[in-house]
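S.K.: My questions all concern the structure below.
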Amino acid sequence: MHPGTRPRRPLAPVAFRPPRALGVITGGFLAAWAAAVGALALTIALGSAAEFKTFVAWVAVVALLGIAVLFTSWTYCLATLTYVVERDTLTIRWGMRRVVIPIDTILRMVPGRTLDEAKVSGINWWGCHVGSADVKRIGYTLFYSTHSSPDELLYVHTTQESYALTVVDQAAFAEEVQARAAMGAVMEHVQRSTASGVAAFPFWRDRVAIGATMAGALMTALLCGYVFARYPELPEVVRLNFPALGGVTRVGDKTELLRLAYLGAGVMALNTTLGVIVHARERAAGIWLLASTSMLQLVLIAAAVAAMERV
């Protein structure tokens, strides 16, 4: 593309917004569907007796509401997707994330109609393509796009990365970029990706912390699944050997054994919340908190097995 580089007006920031209606509607529908089915599963779980089917219903509640939160977050990010051409930089806005590209690092801009279509790995649905792909003649490329066909894509190739954007008026976009490139940079900028708010938490980039959290969630599921599976076969009145009261064995209602599952779920929620917050300040302490969930769940599983076997 070779539009003129002579600016026809002061070089104020110019925002280019891709078509987002299809992607927002699709993402919003998926989020609403997951939330509605999750709410239905929650109603079933709350009104059911303690048994393994109820545990499955609670797992479905957590999974569906988690999916609803994810799609709501992604849909919000898609609704805010903007490409801002400023004096020295091209900034991609995606929710609470900003990708800053110094204009003087841009080597070329290639229309998508001249290249083969690439398969994007990442967040993909109709009207939303955010992720990465290996594009022929371009190489590894990051996609922040809403395209429905390759004709809507514009590839921005820089000295460090390549980006695929959905630009309706590609000539106007190229003119804005080249006008600033012709004038030279006023300040030196570094190509970078930054985040704010919750998206800036280092937890999301720490595989060890995420792994510790997933391990804790798995141990919590094992505890709750075991308690709910064994619960229906227990007599209404059981002997309780915990907590230890100087060797005294109490007799009580079997519903007290459900407290082990509730305690495990509470420990998981509290430790995960505190772990993510502490991890932002002190990585080692945060990982220790997240990993301690698994250790505490093991203690509760042992207590549950011992209690059930003694009944």
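Here's how to read the names in the structure tokens: chain A, B, ... by the order shown, residue numbers from 1 in each chain, ligand numbers from 1 in the order shown.
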Range 57-64 of chain A: which residues within 12 Å, counting only C-alpha atoms, same-chain residues fewer than 3 positions away excluded, as a PyMOL selection string?

M.R.: chain A and resi 30-54+67-71+217-218+220-222+224-225+228+261-262+265+269

S.K.: Using only C-alpha atoms, which protein or nucleic acid residues come within 9 Å of Glu152 in chain A? Drop anything in the same chain fewer than 2 positions from it, and give the result as a list in words.

M.R.: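 Counting only the stated atoms, we get Pro111, Gly112, Arg113, Thr146, His147, Ser148, Ser149, Pro150, Leu154, Leu165, Thr166, Val167, Val168 and Gln170 of chain A.
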
S.K.: Apply DSSP to the structure's backbone, then extract all residues of range 60-219 of chain A labelled alpha helix (DSSP H) and return them as a compact mmCIF listing (two decimals) with N, CA and C atoms, in the first residue's frame.

M.R.:
```
# COMPACT_ATOMS: atom_id res chain seq x y z
N ALA A 60 -21.07 -28.79 38.05
CA ALA A 60 -21.61 -28.12 36.87
C ALA A 60 -21.85 -26.64 37.14
N VAL A 61 -22.29 -26.30 38.34
CA VAL A 61 -22.50 -24.89 38.71
C VAL A 61 -21.20 -24.11 38.62
N VAL A 62 -20.16 -24.65 39.25
CA VAL A 62 -18.86 -23.97 39.25
C VAL A 62 -18.33 -23.82 37.83
N ALA A 63 -18.40 -24.91 37.04
CA ALA A 63 -17.87 -24.88 35.68
C ALA A 63 -18.64 -23.89 34.81
N LEU A 64 -19.96 -23.94 34.86
CA LEU A 64 -20.77 -23.08 34.00
C LEU A 64 -20.65 -21.61 34.39
N LEU A 65 -20.65 -21.31 35.68
CA LEU A 65 -20.49 -19.92 36.09
C LEU A 65 -19.09 -19.41 35.77
N GLY A 66 -18.09 -20.29 35.85
CA GLY A 66 -16.75 -19.91 35.44
C GLY A 66 -16.69 -19.59 33.95
N ILE A 67 -17.36 -20.41 33.14
CA ILE A 67 -17.43 -20.15 31.70
C ILE A 67 -18.15 -18.85 31.42
N ALA A 68 -19.22 -18.58 32.16
CA ALA A 68 -19.97 -17.33 31.98
C ALA A 68 -19.09 -16.12 32.28
N VAL A 69 -18.29 -16.22 33.35
CA VAL A 69 -17.39 -15.11 33.69
C VAL A 69 -16.34 -14.91 32.60
N LEU A 70 -15.78 -16.02 32.09
CA LEU A 70 -14.77 -15.93 31.03
C LEU A 70 -15.34 -15.25 29.79
N PHE A 71 -16.50 -15.71 29.33
CA PHE A 71 -17.08 -15.15 28.11
C PHE A 71 -17.52 -13.70 28.32
N THR A 72 -17.97 -13.38 29.52
CA THR A 72 -18.31 -11.99 29.81
C THR A 72 -17.08 -11.11 29.73
N SER A 73 -15.97 -11.59 30.30
CA SER A 73 -14.71 -10.83 30.25
C SER A 73 -14.23 -10.67 28.81
N TRP A 74 -14.23 -11.76 28.04
CA TRP A 74 -13.77 -11.69 26.65
C TRP A 74 -14.68 -10.79 25.81
N THR A 75 -15.98 -10.84 26.07
CA THR A 75 -16.91 -10.00 25.31
C THR A 75 -16.68 -8.53 25.62
N TYR A 76 -16.43 -8.23 26.88
CA TYR A 76 -16.11 -6.85 27.26
C TYR A 76 -14.83 -6.39 26.55
N CYS A 77 -13.80 -7.25 26.56
CA CYS A 77 -12.56 -6.89 25.88
C CYS A 77 -12.80 -6.65 24.39
N LEU A 78 -13.62 -7.49 23.78
CA LEU A 78 -13.91 -7.33 22.36
C LEU A 78 -14.64 -6.02 22.10
N ALA A 79 -15.57 -5.67 22.98
CA ALA A 79 -16.32 -4.43 22.80
C ALA A 79 -15.42 -3.20 22.87
N GLN A 170 -8.46 0.63 5.15
CA GLN A 170 -7.04 0.34 5.27
C GLN A 170 -6.17 1.45 4.70
N ALA A 171 -6.65 2.14 3.66
CA ALA A 171 -5.88 3.24 3.08
C ALA A 171 -5.74 4.38 4.07
N ALA A 172 -6.83 4.73 4.76
CA ALA A 172 -6.77 5.81 5.74
C ALA A 172 -5.86 5.44 6.90
N PHE A 173 -5.93 4.18 7.34
CA PHE A 173 -5.08 3.71 8.43
C PHE A 173 -3.61 3.82 8.03
N ALA A 174 -3.28 3.34 6.83
CA ALA A 174 -1.90 3.39 6.36
C ALA A 174 -1.43 4.83 6.22
N GLU A 175 -2.30 5.72 5.78
CA GLU A 175 -1.92 7.12 5.63
C GLU A 175 -1.59 7.75 6.97
N GLU A 176 -2.39 7.44 7.99
CA GLU A 176 -2.13 7.98 9.32
C GLU A 176 -0.79 7.48 9.86
N VAL A 177 -0.51 6.19 9.67
CA VAL A 177 0.74 5.62 10.17
C VAL A 177 1.94 6.20 9.41
N GLN A 178 1.83 6.26 8.09
CA GLN A 178 2.97 6.70 7.29
C GLN A 178 3.22 8.20 7.45
N ALA A 179 2.17 8.99 7.71
CA ALA A 179 2.36 10.41 7.94
C ALA A 179 3.21 10.65 9.18
N ARG A 180 2.98 9.87 10.22
CA ARG A 180 3.76 10.01 11.45
C ARG A 180 5.17 9.45 11.27
N ALA A 181 5.27 8.34 10.52
CA ALA A 181 6.59 7.77 10.28
C ALA A 181 7.47 8.73 9.50
N ALA A 182 6.88 9.47 8.57
CA ALA A 182 7.64 10.41 7.76
C ALA A 182 8.19 11.56 8.58
N MET A 183 7.50 11.93 9.66
CA MET A 183 7.93 13.05 10.49
C MET A 183 8.98 12.64 11.52
N ARG A 207 2.97 -20.18 35.78
CA ARG A 207 2.46 -21.54 35.59
C ARG A 207 2.51 -22.35 36.88
N VAL A 208 3.50 -22.07 37.73
CA VAL A 208 3.59 -22.80 38.99
C VAL A 208 2.40 -22.45 39.88
N ALA A 209 2.06 -21.17 39.97
CA ALA A 209 0.93 -20.74 40.79
C ALA A 209 -0.38 -21.30 40.25
N ILE A 210 -0.53 -21.27 38.94
CA ILE A 210 -1.76 -21.81 38.34
C ILE A 210 -1.85 -23.32 38.58
N GLY A 211 -0.71 -24.01 38.46
CA GLY A 211 -0.70 -25.44 38.71
C GLY A 211 -1.06 -25.77 40.15
N ALA A 212 -0.54 -24.99 41.11
CA ALA A 212 -0.87 -25.21 42.52
C ALA A 212 -2.37 -24.99 42.77
N THR A 213 -2.94 -23.99 42.10
CA THR A 213 -4.37 -23.72 42.25
C THR A 213 -5.20 -24.87 41.68
N MET A 214 -4.81 -25.38 40.51
CA MET A 214 -5.55 -26.48 39.91
C MET A 214 -5.44 -27.75 40.77
N ALA A 215 -4.27 -27.97 41.36
CA ALA A 215 -4.10 -29.13 42.24
C ALA A 215 -5.02 -29.02 43.45
N GLY A 216 -5.10 -27.81 44.03
CA GLY A 216 -6.00 -27.60 45.16
C GLY A 216 -7.45 -27.82 44.79
N ALA A 217 -7.83 -27.37 43.59
CA ALA A 217 -9.21 -27.57 43.13
C ALA A 217 -9.53 -29.05 42.95
N LEU A 218 -8.55 -29.80 42.41
CA LEU A 218 -8.75 -31.24 42.23
C LEU A 218 -8.91 -31.95 43.57
N MET A 219 -8.06 -31.61 44.54
CA MET A 219 -8.16 -32.24 45.86
C MET A 219 -9.49 -31.89 46.54
```

S.K.: Go through A:Gly275, A:Gly127, A:Pro13, A:Pro19 one by one, measure the shortest atom-to-atom distance of each to Leu289 in chain A using only C-alpha atoms, and give the residue with the smallest value.

M.R.: A:Gly275

S.K.: CA of Ala284 in chain A and CA of Ala303 in chain A, how far apart in Å?

M.R.: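 Going from CA of Ala303 in chain A over to CA of Ala284 in chain A, I get 28.8 Å.
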
S.K.: Just want the 7 Å neighbourhood of Phe203 in chain A, counted on only C-alpha atoms, with same-chain residues fewer than 5 positions away dropped. Output as number ranges by chain.

M.R.: A: 209, 276, 279-280

S.K.: For Glu161 in chain A, find every residue with an atom within 10 Å (counting only C-alpha atoms), except residues of its own chain fewer than 6 positions away, and show them as JSON, numbers by chain.

M.R.: {"A": [101, 105, 106, 138, 139, 140, 141, 142, 191]}

S.K.: So, counting only C-alpha atoms, which residue among A:Arg230, A:Arg137, A:Arg283, A:Arg97 is closest to Phe55 in chain A?

M.R.: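 Among A:Arg230, A:Arg137, A:Arg283, A:Arg97, it is A:Arg230 that comes nearest to Phe55 in chain A.
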
S.K.: Enumerate, as a ChimeraX atom specification, the complete set of residues in range 106-232 of chain A that a backbone-based DSSP assignment places in strand (DSSP E or B).

M.R.: /A:106-111,121-125,128-135,139-145,153-158,162-166,192-195

S.K.: With distances taken over only C-alpha atoms, which residue among A:Arg310, A:Arg281, A:Arg20, A:Arg259 lies nearest Ser145 in chain A?

M.R.: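 The answer is A:Arg20, which sits nearest to Ser145 in chain A.
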